[in-house]
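Dumped query.cif below, it's mmCIF, N, CA and C atoms and all ligand atoms:
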```cif
data_coords
loop_
_atom_site.label_atom_id
_atom_site.label_comp_id
_atom_site.auth_asym_id
_atom_site.auth_seq_id
_atom_site.Cartn_x
_atom_site.Cartn_y
_atom_site.Cartn_z
N MET A 1 26.57 -9.79 -4.66
CA MET A 1 25.67 -8.73 -5.11
C MET A 1 25.80 -7.54 -4.16
N SER A 2 25.78 -6.35 -4.71
CA SER A 2 25.94 -5.15 -3.88
C SER A 2 24.66 -4.88 -3.10
N GLU A 3 24.80 -4.06 -2.04
CA GLU A 3 23.63 -3.71 -1.24
C GLU A 3 22.61 -2.94 -2.07
N ALA A 4 23.10 -2.06 -2.95
CA ALA A 4 22.18 -1.29 -3.80
C ALA A 4 21.39 -2.23 -4.72
N ALA A 5 22.06 -3.25 -5.23
CA ALA A 5 21.37 -4.22 -6.09
C ALA A 5 20.34 -5.01 -5.28
N ASP A 6 20.69 -5.34 -4.03
CA ASP A 6 19.74 -6.04 -3.15
C ASP A 6 18.51 -5.18 -2.90
N VAL A 7 18.74 -3.90 -2.62
CA VAL A 7 17.63 -2.98 -2.35
C VAL A 7 16.73 -2.90 -3.58
N GLU A 8 17.33 -2.76 -4.75
CA GLU A 8 16.54 -2.66 -5.99
C GLU A 8 15.76 -3.95 -6.27
N ARG A 9 16.39 -5.10 -6.00
CA ARG A 9 15.72 -6.38 -6.21
C ARG A 9 14.51 -6.51 -5.28
N VAL A 10 14.68 -6.18 -4.01
CA VAL A 10 13.57 -6.26 -3.05
C VAL A 10 12.47 -5.28 -3.44
N ARG A 11 12.88 -4.06 -3.84
CA ARG A 11 11.91 -3.04 -4.23
C ARG A 11 11.07 -3.52 -5.42
N ALA A 12 11.73 -4.09 -6.42
CA ALA A 12 11.02 -4.56 -7.61
C ALA A 12 10.05 -5.69 -7.26
N HIS A 13 10.48 -6.62 -6.42
CA HIS A 13 9.60 -7.72 -6.02
C HIS A 13 8.43 -7.19 -5.18
N MET A 14 8.73 -6.27 -4.27
CA MET A 14 7.68 -5.74 -3.41
C MET A 14 6.64 -5.00 -4.23
N LEU A 15 7.12 -4.24 -5.22
CA LEU A 15 6.20 -3.48 -6.06
C LEU A 15 5.25 -4.42 -6.81
N THR A 16 5.80 -5.45 -7.40
CA THR A 16 4.97 -6.42 -8.13
C THR A 16 3.94 -7.05 -7.20
N CYS A 17 4.37 -7.43 -6.01
CA CYS A 17 3.45 -8.06 -5.06
C CYS A 17 2.39 -7.07 -4.59
N LEU A 18 2.80 -5.82 -4.36
CA LEU A 18 1.83 -4.81 -3.92
C LEU A 18 0.80 -4.52 -5.01
N GLN A 19 1.23 -4.54 -6.27
CA GLN A 19 0.29 -4.26 -7.36
C GLN A 19 -0.79 -5.34 -7.45
N ALA A 20 -0.49 -6.51 -6.95
CA ALA A 20 -1.52 -7.56 -6.87
C ALA A 20 -2.29 -7.47 -5.56
N ALA A 21 -1.59 -7.24 -4.46
CA ALA A 21 -2.21 -7.33 -3.14
C ALA A 21 -3.11 -6.14 -2.81
N VAL A 22 -2.70 -4.94 -3.18
CA VAL A 22 -3.49 -3.76 -2.79
C VAL A 22 -4.91 -3.82 -3.38
N PRO A 23 -5.08 -4.14 -4.67
CA PRO A 23 -6.46 -4.25 -5.18
C PRO A 23 -7.27 -5.34 -4.47
N LEU A 24 -6.61 -6.42 -4.05
CA LEU A 24 -7.33 -7.47 -3.33
C LEU A 24 -7.78 -6.98 -1.95
N TRP A 25 -6.91 -6.23 -1.26
CA TRP A 25 -7.32 -5.68 0.04
C TRP A 25 -8.40 -4.61 -0.15
N LEU A 26 -8.36 -3.87 -1.28
CA LEU A 26 -9.43 -2.90 -1.55
C LEU A 26 -10.76 -3.62 -1.74
N ALA A 27 -10.72 -4.77 -2.43
CA ALA A 27 -11.95 -5.56 -2.60
C ALA A 27 -12.46 -6.02 -1.23
N GLU A 28 -11.55 -6.43 -0.38
CA GLU A 28 -11.93 -6.84 0.98
C GLU A 28 -12.55 -5.65 1.73
N LEU A 29 -11.92 -4.50 1.61
CA LEU A 29 -12.45 -3.30 2.28
C LEU A 29 -13.83 -2.94 1.75
N ASN A 30 -13.99 -3.05 0.43
CA ASN A 30 -15.28 -2.70 -0.18
C ASN A 30 -16.37 -3.70 0.18
N SER A 31 -15.98 -4.90 0.60
CA SER A 31 -16.99 -5.88 1.02
C SER A 31 -17.38 -5.68 2.49
N THR A 32 -16.68 -4.79 3.16
CA THR A 32 -17.02 -4.46 4.55
C THR A 32 -18.30 -3.63 4.54
N PRO A 33 -19.23 -3.90 5.46
CA PRO A 33 -20.45 -3.07 5.51
C PRO A 33 -20.08 -1.59 5.55
N GLU A 34 -20.81 -0.80 4.80
CA GLU A 34 -20.46 0.61 4.62
C GLU A 34 -20.29 1.36 5.94
N PHE A 35 -21.15 1.05 6.91
CA PHE A 35 -21.08 1.78 8.19
C PHE A 35 -19.76 1.53 8.92
N ALA A 36 -19.11 0.41 8.63
CA ALA A 36 -17.87 0.06 9.34
C ALA A 36 -16.61 0.33 8.52
N ARG A 37 -16.78 0.68 7.25
CA ARG A 37 -15.66 0.76 6.32
C ARG A 37 -14.59 1.78 6.75
N VAL A 38 -15.01 2.96 7.14
CA VAL A 38 -14.05 4.00 7.53
C VAL A 38 -13.24 3.54 8.74
N GLY A 39 -13.91 2.93 9.70
CA GLY A 39 -13.21 2.45 10.89
C GLY A 39 -12.22 1.34 10.56
N VAL A 40 -12.61 0.44 9.67
CA VAL A 40 -11.71 -0.64 9.25
C VAL A 40 -10.50 -0.05 8.54
N ALA A 41 -10.75 0.88 7.64
CA ALA A 41 -9.63 1.51 6.90
C ALA A 41 -8.69 2.22 7.86
N GLU A 42 -9.24 2.93 8.83
CA GLU A 42 -8.38 3.63 9.80
C GLU A 42 -7.55 2.63 10.62
N SER A 43 -8.15 1.52 10.99
CA SER A 43 -7.39 0.53 11.78
C SER A 43 -6.31 -0.13 10.93
N TRP A 44 -6.59 -0.36 9.66
CA TRP A 44 -5.57 -0.92 8.75
C TRP A 44 -4.40 0.05 8.61
N ALA A 45 -4.71 1.32 8.40
CA ALA A 45 -3.65 2.31 8.22
C ALA A 45 -2.81 2.45 9.49
N GLU A 46 -3.47 2.47 10.64
CA GLU A 46 -2.75 2.58 11.91
C GLU A 46 -1.86 1.36 12.15
N HIS A 47 -2.42 0.18 11.89
CA HIS A 47 -1.66 -1.07 12.08
C HIS A 47 -0.46 -1.11 11.15
N ALA A 48 -0.64 -0.65 9.91
CA ALA A 48 0.48 -0.63 8.96
C ALA A 48 1.60 0.26 9.47
N GLY A 49 1.23 1.43 9.97
CA GLY A 49 2.25 2.34 10.50
C GLY A 49 3.02 1.71 11.65
N GLU A 50 2.30 1.04 12.54
CA GLU A 50 2.96 0.37 13.67
C GLU A 50 3.87 -0.75 13.21
N GLN A 51 3.38 -1.55 12.28
CA GLN A 51 4.16 -2.70 11.81
C GLN A 51 5.42 -2.27 11.06
N ILE A 52 5.27 -1.27 10.19
CA ILE A 52 6.42 -0.81 9.41
C ILE A 52 7.44 -0.16 10.33
N ALA A 53 6.96 0.61 11.30
CA ALA A 53 7.90 1.25 12.23
C ALA A 53 8.64 0.21 13.07
N ALA A 54 7.93 -0.81 13.50
CA ALA A 54 8.53 -1.79 14.41
C ALA A 54 9.26 -2.91 13.68
N GLN A 55 8.76 -3.28 12.49
CA GLN A 55 9.29 -4.47 11.83
C GLN A 55 9.54 -4.29 10.34
N GLY A 56 9.66 -3.06 9.90
CA GLY A 56 9.87 -2.82 8.47
C GLY A 56 11.12 -3.48 7.93
N ASP A 57 12.13 -3.65 8.78
CA ASP A 57 13.36 -4.28 8.33
C ASP A 57 13.13 -5.72 7.87
N ILE A 58 12.09 -6.35 8.39
CA ILE A 58 11.78 -7.73 8.00
C ILE A 58 11.46 -7.81 6.51
N LEU A 59 10.83 -6.73 5.99
CA LEU A 59 10.53 -6.72 4.55
C LEU A 59 11.80 -6.74 3.71
N MET A 60 12.83 -6.12 4.22
CA MET A 60 14.09 -6.04 3.48
C MET A 60 14.97 -7.27 3.70
N TYR A 61 15.02 -7.74 4.93
CA TYR A 61 16.00 -8.78 5.27
C TYR A 61 15.37 -10.12 5.62
N GLY A 62 14.04 -10.19 5.63
CA GLY A 62 13.38 -11.44 5.97
C GLY A 62 13.21 -11.57 7.48
N GLY A 63 12.27 -12.42 7.86
CA GLY A 63 12.01 -12.64 9.27
C GLY A 63 12.63 -13.94 9.75
N GLY A 64 12.65 -14.10 11.05
CA GLY A 64 13.21 -15.32 11.62
C GLY A 64 12.18 -16.40 11.81
N LYS A 65 10.91 -15.98 11.84
CA LYS A 65 9.83 -16.94 12.09
C LYS A 65 9.00 -17.12 10.82
N LYS A 66 8.45 -18.31 10.65
CA LYS A 66 7.61 -18.60 9.49
C LYS A 66 6.40 -17.66 9.47
N GLY A 67 6.16 -17.04 8.34
CA GLY A 67 5.00 -16.17 8.18
C GLY A 67 5.21 -14.73 8.62
N GLU A 68 6.36 -14.46 9.22
CA GLU A 68 6.61 -13.12 9.76
C GLU A 68 6.69 -12.08 8.64
N THR A 69 7.38 -12.40 7.57
CA THR A 69 7.52 -11.46 6.45
C THR A 69 6.16 -11.22 5.80
N ALA A 70 5.39 -12.28 5.62
CA ALA A 70 4.06 -12.15 5.00
C ALA A 70 3.15 -11.27 5.85
N ALA A 71 3.25 -11.41 7.17
CA ALA A 71 2.40 -10.60 8.06
C ALA A 71 2.72 -9.12 7.92
N VAL A 72 4.00 -8.78 7.85
CA VAL A 72 4.38 -7.37 7.71
C VAL A 72 4.00 -6.88 6.32
N PHE A 73 4.24 -7.70 5.30
CA PHE A 73 3.86 -7.31 3.93
C PHE A 73 2.36 -7.04 3.85
N ASN A 74 1.56 -7.93 4.42
CA ASN A 74 0.11 -7.74 4.35
C ASN A 74 -0.34 -6.51 5.13
N ALA A 75 0.33 -6.22 6.23
CA ALA A 75 0.02 -4.98 6.95
C ALA A 75 0.30 -3.77 6.06
N LEU A 76 1.42 -3.81 5.35
CA LEU A 76 1.75 -2.72 4.43
C LEU A 76 0.72 -2.62 3.31
N ALA A 77 0.37 -3.74 2.70
CA ALA A 77 -0.59 -3.74 1.59
C ALA A 77 -1.97 -3.24 2.07
N ARG A 78 -2.39 -3.70 3.25
CA ARG A 78 -3.69 -3.21 3.80
C ARG A 78 -3.63 -1.71 4.07
N GLY A 79 -2.51 -1.26 4.60
CA GLY A 79 -2.36 0.17 4.88
C GLY A 79 -2.40 1.00 3.61
N LEU A 80 -1.74 0.52 2.58
CA LEU A 80 -1.78 1.23 1.29
C LEU A 80 -3.20 1.24 0.73
N ALA A 81 -3.87 0.11 0.83
CA ALA A 81 -5.26 0.05 0.36
C ALA A 81 -6.11 1.07 1.11
N ALA A 82 -5.94 1.11 2.42
CA ALA A 82 -6.73 2.05 3.23
C ALA A 82 -6.42 3.49 2.85
N MET A 83 -5.13 3.81 2.71
CA MET A 83 -4.76 5.19 2.40
C MET A 83 -5.12 5.58 0.98
N SER A 84 -5.24 4.59 0.10
CA SER A 84 -5.59 4.89 -1.29
C SER A 84 -7.04 5.34 -1.41
N THR A 85 -7.84 5.13 -0.37
CA THR A 85 -9.24 5.56 -0.42
C THR A 85 -9.39 7.05 -0.11
N LYS A 86 -8.33 7.67 0.37
CA LYS A 86 -8.38 9.11 0.66
C LYS A 86 -8.29 9.90 -0.65
N PRO A 87 -8.93 11.08 -0.72
CA PRO A 87 -8.83 11.89 -1.95
C PRO A 87 -7.37 12.15 -2.32
N GLY A 88 -7.04 11.85 -3.57
CA GLY A 88 -5.66 12.05 -4.03
C GLY A 88 -4.80 10.81 -3.87
N GLY A 89 -5.29 9.84 -3.13
CA GLY A 89 -4.54 8.60 -2.95
C GLY A 89 -3.29 8.80 -2.11
N VAL A 90 -2.31 7.91 -2.33
CA VAL A 90 -1.08 7.96 -1.56
C VAL A 90 0.09 7.61 -2.48
N LEU A 91 1.21 8.27 -2.25
CA LEU A 91 2.42 8.03 -3.04
C LEU A 91 3.30 7.03 -2.30
N PHE A 92 3.68 5.95 -2.99
CA PHE A 92 4.58 4.96 -2.38
C PHE A 92 5.33 4.25 -3.49
N LEU A 93 6.63 4.13 -3.33
CA LEU A 93 7.51 3.49 -4.32
C LEU A 93 7.32 4.08 -5.72
N ASP A 94 7.23 5.38 -5.79
CA ASP A 94 7.11 6.12 -7.05
C ASP A 94 5.80 5.87 -7.79
N LEU A 95 4.84 5.26 -7.12
CA LEU A 95 3.52 5.08 -7.72
C LEU A 95 2.49 5.81 -6.87
N VAL A 96 1.43 6.30 -7.53
CA VAL A 96 0.28 6.84 -6.82
C VAL A 96 -0.77 5.74 -6.76
N TRP A 97 -1.19 5.45 -5.54
CA TRP A 97 -2.19 4.42 -5.29
C TRP A 97 -3.50 5.12 -4.96
N CYS A 98 -4.45 5.05 -5.88
CA CYS A 98 -5.75 5.70 -5.68
C CYS A 98 -6.83 4.63 -5.88
N ALA A 99 -7.66 4.44 -4.87
CA ALA A 99 -8.69 3.40 -4.93
C ALA A 99 -9.63 3.61 -6.12
N THR A 100 -9.88 4.86 -6.47
CA THR A 100 -10.81 5.17 -7.56
C THR A 100 -10.16 5.07 -8.93
N HIS A 101 -8.95 5.60 -9.08
CA HIS A 101 -8.35 5.74 -10.40
C HIS A 101 -7.17 4.81 -10.68
N SER A 102 -6.48 4.36 -9.68
CA SER A 102 -5.32 3.48 -9.91
C SER A 102 -5.12 2.55 -8.71
N PRO A 103 -6.05 1.59 -8.54
CA PRO A 103 -5.97 0.70 -7.38
C PRO A 103 -4.72 -0.17 -7.38
N GLY A 104 -4.15 -0.40 -8.55
CA GLY A 104 -2.91 -1.19 -8.63
C GLY A 104 -1.68 -0.30 -8.74
N GLY A 105 -1.85 0.98 -8.46
CA GLY A 105 -0.74 1.92 -8.55
C GLY A 105 -0.55 2.40 -9.98
N ALA A 106 -0.16 3.65 -10.13
CA ALA A 106 0.13 4.23 -11.44
C ALA A 106 1.38 5.09 -11.30
N PRO A 107 2.18 5.16 -12.34
CA PRO A 107 3.38 6.00 -12.26
C PRO A 107 3.02 7.40 -11.80
N ALA A 108 3.76 7.89 -10.84
CA ALA A 108 3.45 9.18 -10.23
C ALA A 108 3.97 10.32 -11.08
N GLU A 109 3.05 11.15 -11.56
CA GLU A 109 3.45 12.37 -12.26
C GLU A 109 3.59 13.50 -11.26
N GLN A 110 2.91 13.33 -10.12
CA GLN A 110 2.98 14.29 -9.03
C GLN A 110 2.69 13.55 -7.73
N GLN A 111 2.62 14.28 -6.63
CA GLN A 111 2.49 13.66 -5.31
C GLN A 111 1.13 13.00 -5.07
N VAL A 112 0.13 13.44 -5.80
CA VAL A 112 -1.22 12.92 -5.60
C VAL A 112 -1.80 12.45 -6.93
N CYS A 113 -2.93 11.78 -6.87
CA CYS A 113 -3.58 11.26 -8.07
C CYS A 113 -4.04 12.41 -8.97
N LYS A 114 -3.52 12.41 -10.19
CA LYS A 114 -3.84 13.46 -11.16
C LYS A 114 -5.33 13.45 -11.51
N SER A 115 -5.92 12.27 -11.61
CA SER A 115 -7.34 12.17 -11.95
C SER A 115 -8.22 12.74 -10.83
N CYS A 116 -7.81 12.55 -9.58
CA CYS A 116 -8.55 13.13 -8.45
C CYS A 116 -8.50 14.65 -8.53
N LEU A 117 -7.33 15.19 -8.83
CA LEU A 117 -7.19 16.64 -8.94
C LEU A 117 -8.05 17.18 -10.07
N GLU A 118 -8.06 16.48 -11.22
CA GLU A 118 -8.87 16.92 -12.37
C GLU A 118 -10.35 16.85 -12.03
N ALA A 119 -10.77 15.80 -11.31
CA ALA A 119 -12.17 15.66 -10.93
C ALA A 119 -12.58 16.77 -9.96
N GLU A 120 -11.65 17.12 -9.07
CA GLU A 120 -11.96 18.18 -8.10
C GLU A 120 -12.07 19.54 -8.78
N ALA A 121 -11.24 19.75 -9.82
CA ALA A 121 -11.23 21.03 -10.52
C ALA A 121 -12.45 21.20 -11.42
N ALA A 122 -13.03 20.09 -11.87
CA ALA A 122 -14.14 20.14 -12.82
C ALA A 122 -15.42 20.64 -12.16
ZN ZN B 201 -7.71 9.36 -7.92
#
```
Would you mind writing the structure in this file as structure tokens?
Amino acid sequence: MSEAADVERVRAHMLTCLQAAVPLWLAELNSTPEFARVGVAESWAEHAGEQIAAQGDILMYGGGKKGETAAVFNALARGLAAMSTKPGGVLFLDLVWCATHSPGGAPAEQQVCKSCLEAEAA
């Protein structure tokens, strides 16, 4: 199998898993006491950035230790959940992830959540 086919296969699997995982992490975030929610979201987003920068290759090629890939994947999913709570959501893998309008991701028509923009304009 070619490298491009490998990349596409991993991307498709990751997308499917993220579409399930991000809403679950959003539910976890929403169950956090309101006074702590922003801090938890910020720590998730920061941790995701660190993990992807340091170990993002594990998502593509697998880890050497049991659970290593899952740990990096969950850091990514938590980070996406956290960033999706920001106005306009976040664009990742050609989907816009918005906690309010598309918690499981929606095809991106633009860089930010179209429903957020419409709500802001109204
Ligand atoms: Zn939105």
Original post:
What residues have an atom no more than 8 Å from (4.2, 2.7, -3.2) in the file's own frame, counting only N, CA and C atoms, and can you write them as a ChimeraX atom specification?
Top reply: /A:15,18,80,90-97,105
Original post:
Within 6.5 Å of ligand ZN 201 (chain B), counting all atoms listed in the file, which protein or nucleic acid residues do you find, written as a list in words?
Top reply: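 Listed by chain and ascending number, the contacts are Pro87, Gly88, Gly89, Cys98, Ala99, Thr100, His101, Ser102, Cys113, Lys114, Ser115, Cys116 and Leu117 of chain A.
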Next, the residues of the selection above should be written as an mmCIF file, in the coordinates of the input with N, CA and C atoms.
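Result went into out-v3.cif, see below:
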```cif
data_model
loop_
_atom_site.group_PDB
_atom_site.id
_atom_site.type_symbol
_atom_site.label_atom_id
_atom_site.label_comp_id
_atom_site.auth_asym_id
_atom_site.auth_seq_id
_atom_site.Cartn_x
_atom_site.Cartn_y
_atom_site.Cartn_z
ATOM 1 N N PRO A 87 -8.930 11.080 -0.720
ATOM 2 C CA PRO A 87 -8.830 11.890 -1.950
ATOM 3 C C PRO A 87 -7.370 12.150 -2.320
ATOM 4 N N GLY A 88 -7.040 11.850 -3.570
ATOM 5 C CA GLY A 88 -5.660 12.050 -4.030
ATOM 6 C C GLY A 88 -4.800 10.810 -3.870
ATOM 7 N N GLY A 89 -5.290 9.840 -3.130
ATOM 8 C CA GLY A 89 -4.540 8.600 -2.950
ATOM 9 C C GLY A 89 -3.290 8.800 -2.110
ATOM 10 N N CYS A 98 -4.450 5.050 -5.880
ATOM 11 C CA CYS A 98 -5.750 5.700 -5.680
ATOM 12 C C CYS A 98 -6.830 4.630 -5.880
ATOM 13 N N ALA A 99 -7.660 4.440 -4.870
ATOM 14 C CA ALA A 99 -8.690 3.400 -4.930
ATOM 15 C C ALA A 99 -9.630 3.610 -6.120
ATOM 16 N N THR A 100 -9.880 4.860 -6.470
ATOM 17 C CA THR A 100 -10.810 5.170 -7.560
ATOM 18 C C THR A 100 -10.160 5.070 -8.930
ATOM 19 N N HIS A 101 -8.950 5.600 -9.080
ATOM 20 C CA HIS A 101 -8.350 5.740 -10.400
ATOM 21 C C HIS A 101 -7.170 4.810 -10.680
ATOM 22 N N SER A 102 -6.480 4.360 -9.680
ATOM 23 C CA SER A 102 -5.320 3.480 -9.910
ATOM 24 C C SER A 102 -5.120 2.550 -8.710
ATOM 25 N N CYS A 113 -2.930 11.780 -6.870
ATOM 26 C CA CYS A 113 -3.580 11.260 -8.070
ATOM 27 C C CYS A 113 -4.040 12.410 -8.970
ATOM 28 N N LYS A 114 -3.520 12.410 -10.190
ATOM 29 C CA LYS A 114 -3.840 13.460 -11.160
ATOM 30 C C LYS A 114 -5.330 13.450 -11.510
ATOM 31 N N SER A 115 -5.920 12.270 -11.610
ATOM 32 C CA SER A 115 -7.340 12.170 -11.950
ATOM 33 C C SER A 115 -8.220 12.740 -10.830
ATOM 34 N N CYS A 116 -7.810 12.550 -9.580
ATOM 35 C CA CYS A 116 -8.550 13.130 -8.450
ATOM 36 C C CYS A 116 -8.500 14.650 -8.530
ATOM 37 N N LEU A 117 -7.330 15.190 -8.830
ATOM 38 C CA LEU A 117 -7.190 16.640 -8.940
ATOM 39 C C LEU A 117 -8.050 17.180 -10.070
#
```
**OP:** Would you list, as a list in words, the residues of chain A that end up in strand (DSSP E) under DSSP run on this structure's backbone?
**Re:** Val90, Leu91, Phe92, Leu95, Val96, Trp97, Cys98, Ser102, Pro103, Gly104, Gly105, Ala106 and Pro107 of chain A
Subject >> Which of chain A fall in helix (DSSP H, G or I), as a PyMOL selection string >> reply: chain A and resi 3-30+34-61+68-84+114-121
Subject >> Selection near region 21-29 of chain A, 6 Å with only N, CA and C atoms, sequence-local residues under 6 positions removed, as a list in words >> reply: Ala77, Arg78, Ala81, Pro103 and Gly104 of chain A
Next, write the just-selected residues to a file, as a PDB file, in the frame of the given file, keeping N, CA and C atoms as the atom set.
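Listed below is the output, out_10.pdb:
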```
ATOM      1  N   ALA A  77       0.370  -3.740   2.700  1.00  0.00           N
ATOM      2  CA  ALA A  77      -0.590  -3.740   1.590  1.00  0.00           C
ATOM      3  C   ALA A  77      -1.970  -3.240   2.070  1.00  0.00           C
ATOM      4  N   ARG A  78      -2.390  -3.700   3.250  1.00  0.00           N
ATOM      5  CA  ARG A  78      -3.690  -3.210   3.800  1.00  0.00           C
ATOM      6  C   ARG A  78      -3.630  -1.710   4.070  1.00  0.00           C
ATOM      7  N   ALA A  81      -3.870   0.110   0.830  1.00  0.00           N
ATOM      8  CA  ALA A  81      -5.260   0.050   0.360  1.00  0.00           C
ATOM      9  C   ALA A  81      -6.110   1.070   1.110  1.00  0.00           C
ATOM     10  N   PRO A 103      -6.050   1.590  -8.540  1.00  0.00           N
ATOM     11  CA  PRO A 103      -5.970   0.700  -7.380  1.00  0.00           C
ATOM     12  C   PRO A 103      -4.720  -0.170  -7.380  1.00  0.00           C
ATOM     13  N   GLY A 104      -4.150  -0.400  -8.550  1.00  0.00           N
ATOM     14  CA  GLY A 104      -2.910  -1.190  -8.630  1.00  0.00           C
ATOM     15  C   GLY A 104      -1.680  -0.300  -8.740  1.00  0.00           C
TER      16      GLY A 104
END
```
Subject >> Atomic separation - CA of His13 (chain A) relative to CA of Ala54 (chain A), Å >> reply: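 For CA of Ala54 (chain A) relative to CA of His13 (chain A), the distance reads 21.3 Å.
Note that atom N of Ala48 (chain A) and atom N of Ala36 (chain A) are 18.5 Å apart.
Considering only N, CA and C atoms, the residue among A:Ile58, A:Glu118, A:Ala5, A:Thr16 positioned nearest to Phe73 (chain A) is A:Ile58.
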**OP:** Record the distance separating CA of His47 (chain A) and CA of Glu34 (chain A), expressed in Å with one decimal.
**Re:** 20.3 Å
**OP:** Kindly indicate which residue among A:Cys17, A:Arg9, A:Asn30, A:Val72 lies nearest to Ala53 (chain A), using only C-alpha atoms for the distances.
**Re:**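 Closest residue, counting only C-alpha atoms: A:Val72.
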Excluding region 42-44 of chain A and its own-chain neighbours fewer than 6 positions away, which residues fall within 8 Å of it when counting only C-alpha atoms? Please give them as a PDB file with N, CA and C atoms, in the frame of the given file.
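Full text of around_31.pdb as output:
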```
ATOM      1  N   ALA A  75       0.330  -6.220   6.230  1.00  0.00           N
ATOM      2  CA  ALA A  75       0.020  -4.980   6.950  1.00  0.00           C
ATOM      3  C   ALA A  75       0.300  -3.770   6.060  1.00  0.00           C
ATOM      4  N   ARG A  78      -2.390  -3.700   3.250  1.00  0.00           N
ATOM      5  CA  ARG A  78      -3.690  -3.210   3.800  1.00  0.00           C
ATOM      6  C   ARG A  78      -3.630  -1.710   4.070  1.00  0.00           C
ATOM      7  N   GLY A  79      -2.510  -1.260   4.600  1.00  0.00           N
ATOM      8  CA  GLY A  79      -2.360   0.170   4.880  1.00  0.00           C
ATOM      9  C   GLY A  79      -2.400   1.000   3.610  1.00  0.00           C
ATOM     10  N   ALA A  82      -5.940   1.110   2.420  1.00  0.00           N
ATOM     11  CA  ALA A  82      -6.730   2.050   3.230  1.00  0.00           C
ATOM     12  C   ALA A  82      -6.420   3.490   2.850  1.00  0.00           C
TER      13      ALA A  82
END
```
Original post:
Hey, which of A:Ala12, A:Thr69, A:Met83, A:Ala121 ends up closest to Ala45 (chain A)? Count all atoms listed in the file.
Top reply: A:Met83
Axis-aligned box over every listed atom of region 76-92 of chain A, padded by 8 Å per side: centre and edges in Å to one decimal, as lines of an AutoDock Vina configuration file?
```
center_x = -2.0
center_y = 4.2
center_z = 0.7
size_x = 30.7
size_y = 32.0
size_z = 25.4
```
